[in-house]
Structure formats: structure tokens, C-alpha cells
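What follows is a single structure, written as C-alpha cells, with notes after it.
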Amino acid sequence: MKKPELLVPAGDLEKLRTAILYGADAVYTGVEGLSLRAQQAEMTTAELAEGVRMAHQRGVKVYAAINISARNSDLALVKEKTGELAAIGVDGVILSDPGVLSLVRRVDPHLPVHLSTQASTTNTEAVRFWHEQGVSRIVLARELNLEEIAAIARDVPEVELEIFIHGAMCLAYSGRCLLSSYLTGRSANRGECTHPCRWEYMLTERTRPDEPLILTEDGRYSYLLSSKDLRMIEYLPEVLAAGVSSLKIEGRMKTVYYVAVVTRTYRWALDAAFKDPEGYRCAPEWLAELDKVSNRGYTTGFYLKHKGEAFAGLNTEKSYRQTYGLAGTVLEYLPEEGKMLVALRNQLNAGDETELLLPETTLTIDSTTMTDEDGHPLAAGHNSYRVYFQVDRPVPAGAVLRRRLTGT
């Protein structure tokens, strides 16, 4: 059994660096103007070139998403960007549109092509069809279960298969949704989703507008569209047995903190599961880590449906859950003085429960040792502050500092 790659979202260069630091085998990012995420999660060609350089130095691959539902007005940009992506050496492009695929193959027949989950690939013959068109990897539809995925992998071993293992879920079929476009005029299929599935809705009868029908028992709202997040860390041996090539984490719009925690946790778990699938046990601390990032509760989606588990993925909570948040990131470590320089990203008070995330472990940091750059003690620091903390071991630049959130 070949070990699948751990594929991590990188919405910008900082997140790309973070993914590399915490154990990604590959990263994926959006191409400016052509991906299914907002502009904040896309990179310019210059940024991508720098990202490819950094990643390749560490043996990490970079995949670029050009997966919008393209219109005629987009095709010139597709052609231009494809040539640029090939020139800077990306390891593959992710797309879903047959026309975009045709154009990419004409511009550079040797550029590896990955078919997005938006193409809704659910069977062996569809995989064979796309492979014949020059696609080297298929991101399978999220609606498949592990038994179906394993059957496809057995039937077409010459094609790489990729599946999601963690992150936000969309209740629209394979993520193809018109709700945002209908309600706000911003199309999810062109990278502008406003996530109206997360909004709160009430069902009313026309003649009784002041008497909403509550469809859940929480006494607030009905949640017909909002899914829990996917989490497959407890079932990695079953995932490995399916025979896929790549395990994908969702979240190009998520924070640096999210990327650090989720990448590191799945790196630990995947290494353990691959080393000893029979003896694999999901460590409680791994589950605790995944509870420390923003989430909407967790589900296994459709993957275990063949075991009798229905899709129990609706989130009935009013808001996201999160117990820890980003405090800052490490700029440099000063070995002679035994301290690290941190760029704060949120308010941090002396005495806050604070932890430093290293790739291999977590260190408790005494936040009362916080000083400014002149060595003066600080009672509190804020976004953009540069502060020092005492630490008794080397710390890599880019390491994430987190704090427990008040009231959690």
C-alpha cells in the first residue's frame, strides 16, 4: 500500500509556509481570478512563483486551482494563466470545466491536470473518460462512500484519486450551489459564495407570518442547509484501505491557526495509521486538538454510509465552536538569549493561557514573561505588537502561538 499525500489548503503565502512547516506533502491554492474562493484566498502569479520555490525546496508539491465555471469572457485569462503556471513549475492545475480542460491541454499538453470535485465524478466509467481526456487525478464526488471509492480505485489503478478528509461541507451536490447567486447576486460557481447556507432560516405559513414553525427542538431556528464539518481522523485505516492517492483538507479561507493545527494533527495521525493500520487508535489528544479550531461540529459525511450510518450532518448550533484562537506567529528565535520574537495577531494579556505549536509537540508559554522589544514587561499586547517570550528550545520561524479564548 502506497502512502497517500496529505494535501493542505494554502490561501496565501503565509498559509503555504505554515502548511509546509507543520507537515504537508502538498498544498493547493487559488489562481487570481479563476478559482472558487474569494480574492483573499487567491495568489498572483508572482506569489505562486515564490510559493512553488519555497515548497519545492522542502519537497512539497503545489497545485493551482482554476476551477471556476468559465464563461467566454474568462477564456483569455485561462489561456494566459495556464502558460504562466506551466512556466513557474506548478505540479498540477485543478479544474472542472471541459472547455478549460481543452484549453489547458492545448496550451501545455504536459501540465498535470486534476479534475475538481465540482465535476461530480461518481463512477468508474467517468474516471476512465476523464483519464482519456488527459486528466491524471480525479477529486471524487463527496457523495461517495468508502466502499464505492475502493471499488473505483481497484478498477482504475492507473488514475490517481483524491478525497476530502477534513473541513467544511456543502449540502449542495458536489458543492454546486445557486443559493448565494439567487439571494445576493454573488455566484458560488465563480468564487464569490456568501455562504447563505450558514444563515438562520424560519419556516412560516403565508397567513401566519408571526408564527414560525421550528423544525428542530432547540427553540431557536431550523437548520436545513448548514452542514457539520467533515472529520475522518478516527477512520484513517478505512480511508487508507480505499486505495486513494491524496487526502485533502478543506479550508483555503481558514486562518493560519487552522492550517497549523489541522495539518499537524493529521500528519501525526496519518503517519501512525500508515505505520500500523491494524493497531491504529485515534488518540484523544488529536480529537481535542481538532476541537480547538473553529468548527461547526463534526460528521463523517457519506463515507460510512455502507455501515448503516446515515448522513447526520446538520448543524443545529447557532455559531461556530472554538476554544482557542491565534495569538501570534514567531518571527525569529534568539538562542543566545533563550527567547523568541513574536508578531501578535490578536490581543494577548499577561497571564492568558498560552501555547506554542511546534511541528512535533506543544509547549506551554508563560505569558507573564511577555516584554516589548526594549525588554519592558507588558500587561497586554495587541495586533501588530512585536513582543518577546522566554522559551527553552529552538523555535522555527512561522510557528504559531495560541491562547485559550475567554469563556471556553
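Chain labels follow the order of the C-alpha cells: the first chain is A, the next B, and so on; residue numbering restarts at 1 in every chain, and ligands are counted from 1 in their shown order.
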### Task
For segment 379-382 of chain A, list every protein, DNA or RNA residue within 8 Å, evaluated using only C-alpha atoms, and leave out those in the same chain fewer than 6 positions away; present the list as a list in words.
Leu344, Arg345, Asn346, Gln347, Leu348, Asn349, Ala350, Thr368 and Met370 of chain A
Who sits within 12 Å of Asp374 of chain A, only C-alpha atoms, same chain under 6 positions skipped, as a ChimeraX atom specification | /A:341,386-388
At a cut-off of 6 Å, using only C-alpha atoms, what residues contact segment 158-169 of chain A? Leave out same-chain residues fewer than 3 positions from it and give the result as a PDB file with N, CA and C atoms, in the first residue's frame.
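Saved the output as result_33.pdb:
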```pdb
ATOM      1  N   SER A 136      -5.002  13.400 -14.982  1.00  0.00           N
ATOM      2  CA  SER A 136      -4.180  12.426 -14.258  1.00  0.00           C
ATOM      3  C   SER A 136      -4.712  12.122 -12.861  1.00  0.00           C
ATOM      4  N   ARG A 137      -5.536  13.028 -12.314  1.00  0.00           N
ATOM      5  CA  ARG A 137      -6.088  12.810 -10.971  1.00  0.00           C
ATOM      6  C   ARG A 137      -7.543  13.271 -10.926  1.00  0.00           C
ATOM      7  N   ILE A 138      -8.364  12.495 -10.239  1.00  0.00           N
ATOM      8  CA  ILE A 138      -9.772  12.821 -10.062  1.00  0.00           C
ATOM      9  C   ILE A 138     -10.039  13.082  -8.583  1.00  0.00           C
ATOM     10  N   VAL A 139     -10.598  14.257  -8.278  1.00  0.00           N
ATOM     11  CA  VAL A 139     -11.101  14.514  -6.930  1.00  0.00           C
ATOM     12  C   VAL A 139     -12.542  14.021  -6.917  1.00  0.00           C
ATOM     13  N   LEU A 140     -12.765  12.874  -6.304  1.00  0.00           N
ATOM     14  CA  LEU A 140     -14.068  12.226  -6.383  1.00  0.00           C
ATOM     15  C   LEU A 140     -15.157  13.042  -5.689  1.00  0.00           C
ATOM     16  N   SER A 227     -24.312  22.334   7.148  1.00  0.00           N
ATOM     17  CA  SER A 227     -23.722  21.043   7.483  1.00  0.00           C
ATOM     18  C   SER A 227     -22.682  21.157   8.590  1.00  0.00           C
ATOM     19  N   ASP A 229     -18.963  19.942   9.957  1.00  0.00           N
ATOM     20  CA  ASP A 229     -17.698  19.774   9.254  1.00  0.00           C
ATOM     21  C   ASP A 229     -17.312  18.297   9.177  1.00  0.00           C
ATOM     22  N   LEU A 230     -16.602  17.956   8.128  1.00  0.00           N
ATOM     23  CA  LEU A 230     -16.112  16.588   7.945  1.00  0.00           C
ATOM     24  C   LEU A 230     -14.906  16.341   8.845  1.00  0.00           C
ATOM     25  N   ARG A 231     -14.850  15.147   9.459  1.00  0.00           N
ATOM     26  CA  ARG A 231     -13.681  14.749  10.253  1.00  0.00           C
ATOM     27  C   ARG A 231     -13.542  13.236  10.145  1.00  0.00           C
ATOM     28  N   MET A 232     -12.453  12.791   9.491  1.00  0.00           N
ATOM     29  CA  MET A 232     -12.255  11.355   9.275  1.00  0.00           C
ATOM     30  C   MET A 232     -11.039  10.810  10.011  1.00  0.00           C
ATOM     31  N   VAL A 244      -6.727   5.432  -2.157  1.00  0.00           N
ATOM     32  CA  VAL A 244      -6.622   6.712  -2.858  1.00  0.00           C
ATOM     33  C   VAL A 244      -5.203   7.258  -2.762  1.00  0.00           C
ATOM     34  N   SER A 245      -4.911   8.238  -3.609  1.00  0.00           N
ATOM     35  CA  SER A 245      -3.559   8.802  -3.684  1.00  0.00           C
ATOM     36  C   SER A 245      -3.363  10.041  -2.833  1.00  0.00           C
ATOM     37  N   SER A 246      -4.461  10.737  -2.535  1.00  0.00           N
ATOM     38  CA  SER A 246      -4.316  12.023  -1.855  1.00  0.00           C
ATOM     39  C   SER A 246      -5.469  12.242  -0.890  1.00  0.00           C
ATOM     40  N   LEU A 247      -5.140  12.741   0.304  1.00  0.00           N
ATOM     41  CA  LEU A 247      -6.123  13.055   1.344  1.00  0.00           C
ATOM     42  C   LEU A 247      -6.126  14.564   1.548  1.00  0.00           C
ATOM     43  N   LYS A 248      -7.274  15.159   1.301  1.00  0.00           N
ATOM     44  CA  LYS A 248      -7.359  16.613   1.186  1.00  0.00           C
ATOM     45  C   LYS A 248      -8.073  17.242   2.381  1.00  0.00           C
ATOM     46  N   ILE A 249      -7.481  18.305   2.902  1.00  0.00           N
ATOM     47  CA  ILE A 249      -8.091  19.121   3.948  1.00  0.00           C
ATOM     48  C   ILE A 249      -8.704  20.346   3.293  1.00  0.00           C
ATOM     49  N   GLU A 250      -9.944  20.661   3.657  1.00  0.00           N
ATOM     50  CA  GLU A 250     -10.618  21.840   3.109  1.00  0.00           C
ATOM     51  C   GLU A 250     -10.214  23.061   3.914  1.00  0.00           C
TER      52      GLU A 250
END
```
Atom CA of Gln133 of chain A sits from atom CA of Pro109 of chain A at a separation of 10.7 Å
Got a sec: who's within 7 Å of segment 21-32 of chain A, counting only C-alpha atoms, leaving out chain neighbours fewer than 4 positions off, as number ranges by chain?
A: 5-11, 16-17, 39, 41-44, 60-66, 260, 263-264, 267, 359
Grab the residues selected above and save them as a PDB file, in the first residue's frame with C-alpha atoms.
```
ATOM      1  CA  GLU A   5      -0.114  12.513   0.312  1.00  0.00           C
ATOM      2  CA  LEU A   6      -1.503  14.922   2.877  1.00  0.00           C
ATOM      3  CA  LEU A   7      -2.872  17.829   0.823  1.00  0.00           C
ATOM      4  CA  VAL A   8      -3.370  21.111   2.699  1.00  0.00           C
ATOM      5  CA  PRO A   9      -5.060  24.419   1.754  1.00  0.00           C
ATOM      6  CA  ALA A  10      -2.868  27.470   1.232  1.00  0.00           C
ATOM      7  CA  GLY A  11      -4.908  30.587   0.625  1.00  0.00           C
ATOM      8  CA  LEU A  16       1.599  27.968   2.430  1.00  0.00           C
ATOM      9  CA  ARG A  17       4.632  28.396   4.698  1.00  0.00           C
ATOM     10  CA  GLN A  39      -9.851  37.053  -3.760  1.00  0.00           C
ATOM     11  CA  ALA A  41      -7.659  33.079  -0.978  1.00  0.00           C
ATOM     12  CA  GLU A  42      -6.089  33.523  -4.411  1.00  0.00           C
ATOM     13  CA  MET A  43      -2.476  34.179  -5.374  1.00  0.00           C
ATOM     14  CA  THR A  44      -0.958  36.261  -8.121  1.00  0.00           C
ATOM     15  CA  VAL A  60       6.328  19.771  -1.200  1.00  0.00           C
ATOM     16  CA  LYS A  61       4.099  19.938  -4.300  1.00  0.00           C
ATOM     17  CA  VAL A  62       1.889  22.869  -5.303  1.00  0.00           C
ATOM     18  CA  TYR A  63      -1.427  22.540  -7.131  1.00  0.00           C
ATOM     19  CA  ALA A  64      -3.177  25.600  -8.566  1.00  0.00           C
ATOM     20  CA  ALA A  65      -6.978  25.843  -8.798  1.00  0.00           C
ATOM     21  CA  ILE A  66      -8.502  27.308 -11.963  1.00  0.00           C
ATOM     22  CA  ALA A 260      -1.275  24.765  11.622  1.00  0.00           C
ATOM     23  CA  THR A 263      -2.142  19.901   9.297  1.00  0.00           C
ATOM     24  CA  ARG A 264      -0.089  18.914  12.325  1.00  0.00           C
ATOM     25  CA  ARG A 267       0.281  14.489   9.954  1.00  0.00           C
ATOM     26  CA  PRO A 359       5.639  20.531  14.494  1.00  0.00           C
TER      27      PRO A 359
END
```
query = Which residues, written as a list in words, have at least one atom at most 8 Å from Glu278 of chain A, with only C-alpha atoms counted and residues fewer than 2 positions away on the same chain left out?
reply = Pro237, Asp276 and Tyr280 of chain A
**Report entry** Shell around Glu47 of chain A at 9 Å using only C-alpha atoms, local window under 4 positions removed, as a list in words
**Finding:**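 Neighbouring residues, sequence-local ones excluded: Asp12, Leu13, Met43, Gly51 and Val52 of chain A.
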Produce a file of the selected residues containing C-alpha atoms, as a JSON list (two decimals), in the first residue's frame.
```
[["chain", "number", "residue", "atom", "x", "y", "z"],
["A", 12, "ASP", "CA", -1.83, 32.84, 0.67],
["A", 13, "LEU", "CA", 1.94, 32.64, 1.07],
["A", 43, "MET", "CA", -2.48, 34.18, -5.37],
["A", 51, "GLY", "CA", 5.33, 29.63, -3.22],
["A", 52, "VAL", "CA", 6.47, 27.00, -5.70]]
```
Exercise for the section: Could you find all residues in segment 8-214 of chain A that DSSP calls strand (DSSP E) from the backbone, and write them as an MDAnalysis selection string? Expected result: chainID A and resid 8:9 26:31 42:43 61:65 92:95 113:115 137:139 160:167 203:205 208:213
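Residues in contact with Tyr235 of chain A at up to 12 Å, not including ones fewer than 3 positions away on its chain and judged by only C-alpha atoms, are Leu146, Ile165, His166, Leu230, Arg231, Met232, Glu238, Val239, Leu240, Ala241, Ala242, Tyr266, Ala269, Leu270, Ala273, Phe274, Pro277, Glu278, Tyr280, Arg281, Cys282, Ala283, Thr299, Thr300, Tyr303 and Leu304 of chain A.
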Here atom CA of Leu363 of chain A and atom CA of Val391 of chain A stand apart by 8.8 Å
